[in-house]
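These notes concern the structure reproduced below.
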2 protein chains.
Amino acid sequence: MQTDGRSDPRQPSGDRSELIDRAIGGQRRALARLISRVEANDAAGRELAELVYPRTGRAHRIGVTGPPGAGKSTLIARLIAAYRELGRRVGVVAVDPSSPMTGGATLGDRIRLMEFHADPDVFVRSMASRGHRGGLAATTASVAHVLDAAGFDPILVETLGVGQDEVDVGRLAHTVVVLQVPGLGDAVQTLKAGLLEIADVLVVNKADQPGADRLVRDLASMRSLSQDESDAGWRPPIVRTTAATGDGIGDLIRRIEEHRAHLAASGQLTERERAMAAAEVANLIRTEVEARLAGPTADATWTAVVAEVAGRTRSPASAAELLLATVGSTLNE
Amino acid sequence: MQTDGRSDPRQPSGDRSELIDRAIGGQRRALARLISRVEANDAAGRELAELVYPRTGRAHRIGVTGPPGAGKSTLIARLIAAYRELGRRVGVVAVDPSSPMTGGATLGDRIRLMEFHADPDVFVRSMASRGHRGGLAATTASVAHVLDAAGFDPILVETLGVGQDEVDVGRLAHTVVVLQVPGLGDAVQTLKAGLLEIADVLVVNKADQPGADRLVRDLASMRSLSQDESDAGWRPPIVRTTAATGDGIGDLIRRIEEHRAHLAASGQLTERERAMAAAEVANLIRTEVEARLAGPTADATWTAVVAEVAGRTRSPASAAELLLATVGSTLNE
């Protein structure tokens with residue numbers, strides 16, 4: 001939308017500080033421009049991200065993830081409204097391509113979100129999917145940092161909980177809310193990609209539909225199997241919601257806030273924030289490695305070594321060992 | 001199945017050569033053991049893979065990929081039978097968790113595959129999914145190498161064409177067959193993960209069902225949009241099959257063999273084999289990077305740098321740049 005911000009990436013650094021000041025100071029257009037810049041992830045965007053980062057660290061980040069059709073968008077619209085009633089400024093980063101922010105949702109969802117369009121204390125940003133693995137998670141984190149610096153708290157991050165990328169995004173949150181709904185098939189199946197392990201709050205949405213009781217029971221027994229030692233003292237609650245009517249949203253917010261309080265009171269907040277930082281750094285490394293792997297044909301060493309592999313004079317494993325060292329060292333070329 | 005092979009990974013290297021000789025010489029139990037070892041990917045397995053690799057390079061590798069429910073398993077059973085009629089020895093590596101080899105298919109598929117159980121010129125291996133990204137593709141390639149060395153040709157690699165890992169597996173084939181079926185929703189949607197770009201032969205399976213004509217037309221127009229310059233001279237044909245009855249299988253095999261002949265006649269075979277080698281090496285690098293990222297907490301530098309990020313005294317990007325260099329250099333610890 002704010003394409004003007006992308007047209008001149010090489011503006012003087014004084015203008016960059018000014019853009020950040022205006023964005024953080026509450027100017028909505030400046031904020032949209034700043035996010036577009038950071039999202040573009042070019043040299044200027046990365047410099048802006050560097051300037052923003054020291055000003056972050058206040059917001060509570062809430063990941064909302066689940067399969068397509070679980071009702072994430074409707075739930076998020078309800079969460080925005082409920083947090084606004086509590087006087088909170090709410091930021092949203094939507095990564096799910098079926099999200100209403102990216103045009104894939106029902107009319108009802110879109111109308112619900114349009115309510116917030118004029119509210120200066122709600123900012124919703126949708127993300128385009130990036131080419132490289134890890135890239136989506138890396139950019140999502142950068143955008144969340146901008147919203148954090150701009151004083152939004154909480155920041156909701158909506159992701160499609162199906163692939164590894166989405167699990168990565170999940171790890172970037174203080175509180176991970178995992179949605180399941182009855183009728184989408186075996187809960188064990190949809191959760192097996194590691195989502196249960198990262199869940200802090202489990203939600204059975206569409207709880208008025210057949211199969212909800214069984215899903216709650218299944219999740220309870222899976223939860224007891226996968227209880228993580230490191231999270232001693234917190235057992236992920238299972239909350240029933242019906243996002244379409246708003247039923248259970250108050251309960252969900254109470255559980256999220258309980259988790260936030262638990263992190264602070266138990267001393268686990270520091271540990272969690274280090275895990276979030278580690279996940280973010282890992283995603284950036286992954287993105288950089290993928291970028292290197294995507295364009296290796298220009299590299300003479302790479303080309304020669306690969307030709308040896310194709311000619312059977314060198315094994316793939318030996319080639320990988322040789323070339324892995326260059327992935328890091330040639331970064332600053 | 002051949003668990004005896006996994007119980008003693010540290011057998012003398014003479015025994016390793018002997019195992020390879022017996023496996024390649026046609027001893028089925030030895031072959032199963034060798035594959036189990038290579039698949040385990042421990043030190044002994046990697047050494048075996050090193051010894052096997054120089055003996056590979058004869059087989060034509062055919063990737064068969066498509067979404068769940070596209071009928072890949074049934075199609076592969078038909079392809080095995082048809083290649084056997086041509087006197088070819090057929091190897092199969094099945095990566096799809098819904099494959100009959102891993103227990104997820106219909107009774108009909110399982111019966112169809114059991115026909116080949118006693119045939120010494122058919123070898124079917126199912127793969128368990130690996131934890132790390134890229135790991136599945138890396139191990140799949142290793143197993144395919146063993147079958148190649150053992151004289152199977154073609155080697156069919158069945159994958160679930162939904163995620164990045166599966167696209168990676170697709171890149172490991174001389175001929176990539178991409179299945180689509182009517183009624184699974186928008187073709188553009190299911191193909192957007194890069195599968196069309198890697199397709200050498202497009203198959204509309206269940207071609208007797210409603211919507212098949214439209215799917216053929218959609219694929220044809222998508223194909224014309226994504227025509228790759230580097231593959232000049234080969235336009236991926238669209239083949240209609242009904243795997244359940246066997247209709248179209250002969251046509252599919254003709255198209256696959258035409259593609260094989262095209263690669264050889266056009267001089268693109270060398271280029272393709274380099275691309276396959278590059279993809280395999282990239283997957284191994286990716287796997288190693290993921291292994292390093294999965295266990296970074298033990299690393300003192302990593303821990304210190306991540307703490308700085310969490311404390312906002314260092315940006316994630318600066319941390320990633322610093323730590324990326326160590327990913328390669330600490331490989332041989």
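Each chain of the structure tokens is named A, B, ... in the order shown, its residues numbered from 1; ligands are numbered from 1 in display order.
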Q) Which neighbours of Arg171 in chain A fall inside 8 Å, counting only C-alpha atoms, when residues of the same chain fewer than 4 positions from it are skipped, and could you give them as a ChimeraX atom specification? A) /A:167,176,198,275-276,279
Q: Pull out every residue of chain A sitting within 6 Å of chain B, counting only C-alpha atoms, and send them as number ranges by chain.
A: A: 54, 273-274, 277-278, 281, 284-285, 306, 310, 312, 316, 320, 324-325, 328-329
Q | Close residues, Gly246 in chain B itself excluded, 10 Å, only C-alpha atoms, min 6 positions apart in chain, as a list of chain:residue names | A | B:Thr74, B:Leu75, B:Ala77, B:Arg78, B:Leu79, B:Ala82
Q) Using only C-alpha atoms, which residues sit within 7 Å of Arg88 in chain B once same-chain residues fewer than 3 positions away are excluded, as a list of chain:residue names? A)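 What passes the distance filter is B:Tyr83, B:Arg84, B:Asp153.
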Q | Nearest to Ile238 in chain B, chosen from B:Val122, B:Leu86, B:Ala265, B:Leu252, with only C-alpha atoms counted in the distances | A |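 Checking each of B:Val122, B:Leu86, B:Ala265, B:Leu252 against Ile238 in chain B, counting only C-alpha atoms, the winner is B:Leu252.
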Q: Could you give me, as a ChimeraX atom specification, the residues within 10 Å of Leu219 in chain A, counting only C-alpha atoms and dropping anything in the same chain fewer than 4 positions from it?
A: /A:180,187-188,191,196,202-204,213-215,223-225,237-238
Selected residues written out, N, CA, C and O atoms, as a PDB file, in the first residue's frame:
ATOM      1  N   GLN A 180      -7.006 -25.899  17.340  1.00  0.00           N
ATOM      2  CA  GLN A 180      -7.470 -27.101  16.674  1.00  0.00           C
ATOM      3  C   GLN A 180      -8.984 -26.986  16.591  1.00  0.00           C
ATOM      4  O   GLN A 180      -9.594 -26.285  17.390  1.00  0.00           O
ATOM      5  N   ALA A 187      -6.372 -35.488  15.325  1.00  0.00           N
ATOM      6  CA  ALA A 187      -5.596 -34.427  15.975  1.00  0.00           C
ATOM      7  C   ALA A 187      -4.115 -34.767  16.008  1.00  0.00           C
ATOM      8  O   ALA A 187      -3.267 -33.903  15.846  1.00  0.00           O
ATOM      9  N   VAL A 188      -3.821 -36.037  16.214  1.00  0.00           N
ATOM     10  CA  VAL A 188      -2.423 -36.462  16.264  1.00  0.00           C
ATOM     11  C   VAL A 188      -1.739 -36.122  14.945  1.00  0.00           C
ATOM     12  O   VAL A 188      -0.614 -35.652  14.902  1.00  0.00           O
ATOM     13  N   LEU A 191      -1.100 -32.334  14.466  1.00  0.00           N
ATOM     14  CA  LEU A 191      -0.181 -31.744  15.433  1.00  0.00           C
ATOM     15  C   LEU A 191       1.217 -32.326  15.371  1.00  0.00           C
ATOM     16  O   LEU A 191       2.100 -31.894  16.083  1.00  0.00           O
ATOM     17  N   LEU A 196       2.531 -29.207  19.064  1.00  0.00           N
ATOM     18  CA  LEU A 196       2.117 -29.417  20.453  1.00  0.00           C
ATOM     19  C   LEU A 196       3.263 -29.071  21.407  1.00  0.00           C
ATOM     20  O   LEU A 196       3.047 -28.515  22.481  1.00  0.00           O
ATOM     21  N   LEU A 202      -3.648 -24.303  24.407  1.00  0.00           N
ATOM     22  CA  LEU A 202      -4.326 -25.062  23.354  1.00  0.00           C
ATOM     23  C   LEU A 202      -5.767 -24.583  23.265  1.00  0.00           C
ATOM     24  O   LEU A 202      -6.433 -24.425  24.292  1.00  0.00           O
ATOM     25  N   VAL A 203      -6.223 -24.325  22.056  1.00  0.00           N
ATOM     26  CA  VAL A 203      -7.590 -23.858  21.861  1.00  0.00           C
ATOM     27  C   VAL A 203      -8.347 -24.863  21.008  1.00  0.00           C
ATOM     28  O   VAL A 203      -7.879 -25.243  19.935  1.00  0.00           O
ATOM     29  N   VAL A 204      -9.488 -25.294  21.497  1.00  0.00           N
ATOM     30  CA  VAL A 204     -10.420 -26.040  20.658  1.00  0.00           C
ATOM     31  C   VAL A 204     -11.464 -25.038  20.204  1.00  0.00           C
ATOM     32  O   VAL A 204     -12.345 -24.642  20.972  1.00  0.00           O
ATOM     33  N   ASP A 213     -15.694 -32.459  22.212  1.00  0.00           N
ATOM     34  CA  ASP A 213     -15.346 -33.128  23.474  1.00  0.00           C
ATOM     35  C   ASP A 213     -14.225 -34.133  23.265  1.00  0.00           C
ATOM     36  O   ASP A 213     -13.288 -34.218  24.051  1.00  0.00           O
ATOM     37  N   ARG A 214     -14.348 -34.884  22.191  1.00  0.00           N
ATOM     38  CA  ARG A 214     -13.327 -35.884  21.928  1.00  0.00           C
ATOM     39  C   ARG A 214     -11.983 -35.231  21.642  1.00  0.00           C
ATOM     40  O   ARG A 214     -10.938 -35.711  22.084  1.00  0.00           O
ATOM     41  N   LEU A 215     -12.016 -34.124  20.917  1.00  0.00           N
ATOM     42  CA  LEU A 215     -10.775 -33.409  20.599  1.00  0.00           C
ATOM     43  C   LEU A 215     -10.115 -32.899  21.879  1.00  0.00           C
ATOM     44  O   LEU A 215      -8.895 -33.010  22.050  1.00  0.00           O
ATOM     45  N   ARG A 223      -1.103 -34.020  25.531  1.00  0.00           N
ATOM     46  CA  ARG A 223      -0.385 -33.060  26.378  1.00  0.00           C
ATOM     47  C   ARG A 223       0.354 -33.782  27.507  1.00  0.00           C
ATOM     48  O   ARG A 223       1.511 -33.487  27.801  1.00  0.00           O
ATOM     49  N   SER A 224      -0.298 -34.780  28.099  1.00  0.00           N
ATOM     50  CA  SER A 224       0.348 -35.488  29.202  1.00  0.00           C
ATOM     51  C   SER A 224       1.542 -36.303  28.711  1.00  0.00           C
ATOM     52  O   SER A 224       2.502 -36.519  29.440  1.00  0.00           O
ATOM     53  N   LEU A 225       1.500 -36.726  27.444  1.00  0.00           N
ATOM     54  CA  LEU A 225       2.620 -37.488  26.890  1.00  0.00           C
ATOM     55  C   LEU A 225       3.811 -36.602  26.569  1.00  0.00           C
ATOM     56  O   LEU A 225       4.960 -37.025  26.673  1.00  0.00           O
ATOM     57  N   PRO A 237      -3.075 -25.012  29.226  1.00  0.00           N
ATOM     58  CA  PRO A 237      -4.518 -25.212  29.383  1.00  0.00           C
ATOM     59  C   PRO A 237      -5.183 -25.450  28.039  1.00  0.00           C
ATOM     60  O   PRO A 237      -4.656 -25.046  26.999  1.00  0.00           O
ATOM     61  N   ILE A 238      -6.298 -26.127  28.076  1.00  0.00           N
ATOM     62  CA  ILE A 238      -7.096 -26.331  26.865  1.00  0.00           C
ATOM     63  C   ILE A 238      -8.347 -25.464  26.986  1.00  0.00           C
ATOM     64  O   ILE A 238      -9.153 -25.651  27.889  1.00  0.00           O
TER      65      ILE A 238
END
Q.
List the spatial neighbours of range 123-128 of chain B as an NGL selection string - criterion: any atom at most 6 Å away, only C-alpha atoms, same-chain residues fewer than 6 positions off excluded.
A. :B and (91-95 or 101)
Any chance you could export the current selection's C-alpha atoms as a PDB file, in the first residue's frame?
ATOM      1  CA  GLY B  91      14.016 -49.899  -7.702  1.00  0.00           C
ATOM      2  CA  VAL B  92      11.565 -47.815  -5.686  1.00  0.00           C
ATOM      3  CA  VAL B  93      12.226 -45.393  -2.853  1.00  0.00           C
ATOM      4  CA  ALA B  94       8.993 -44.290  -1.205  1.00  0.00           C
ATOM      5  CA  VAL B  95       9.126 -41.157   0.898  1.00  0.00           C
ATOM      6  CA  MET B 101       5.035 -49.221   1.697  1.00  0.00           C
TER       7      MET B 101
END
Q. In terms of the shortest atom-to-atom distance over only C-alpha atoms, which of A:His60, A:Arg217, A:Arg89, A:Arg235 is closest to Arg260 in chain A?
A.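 That would be A:His60, the residue with the smallest distance to Arg260 in chain A.
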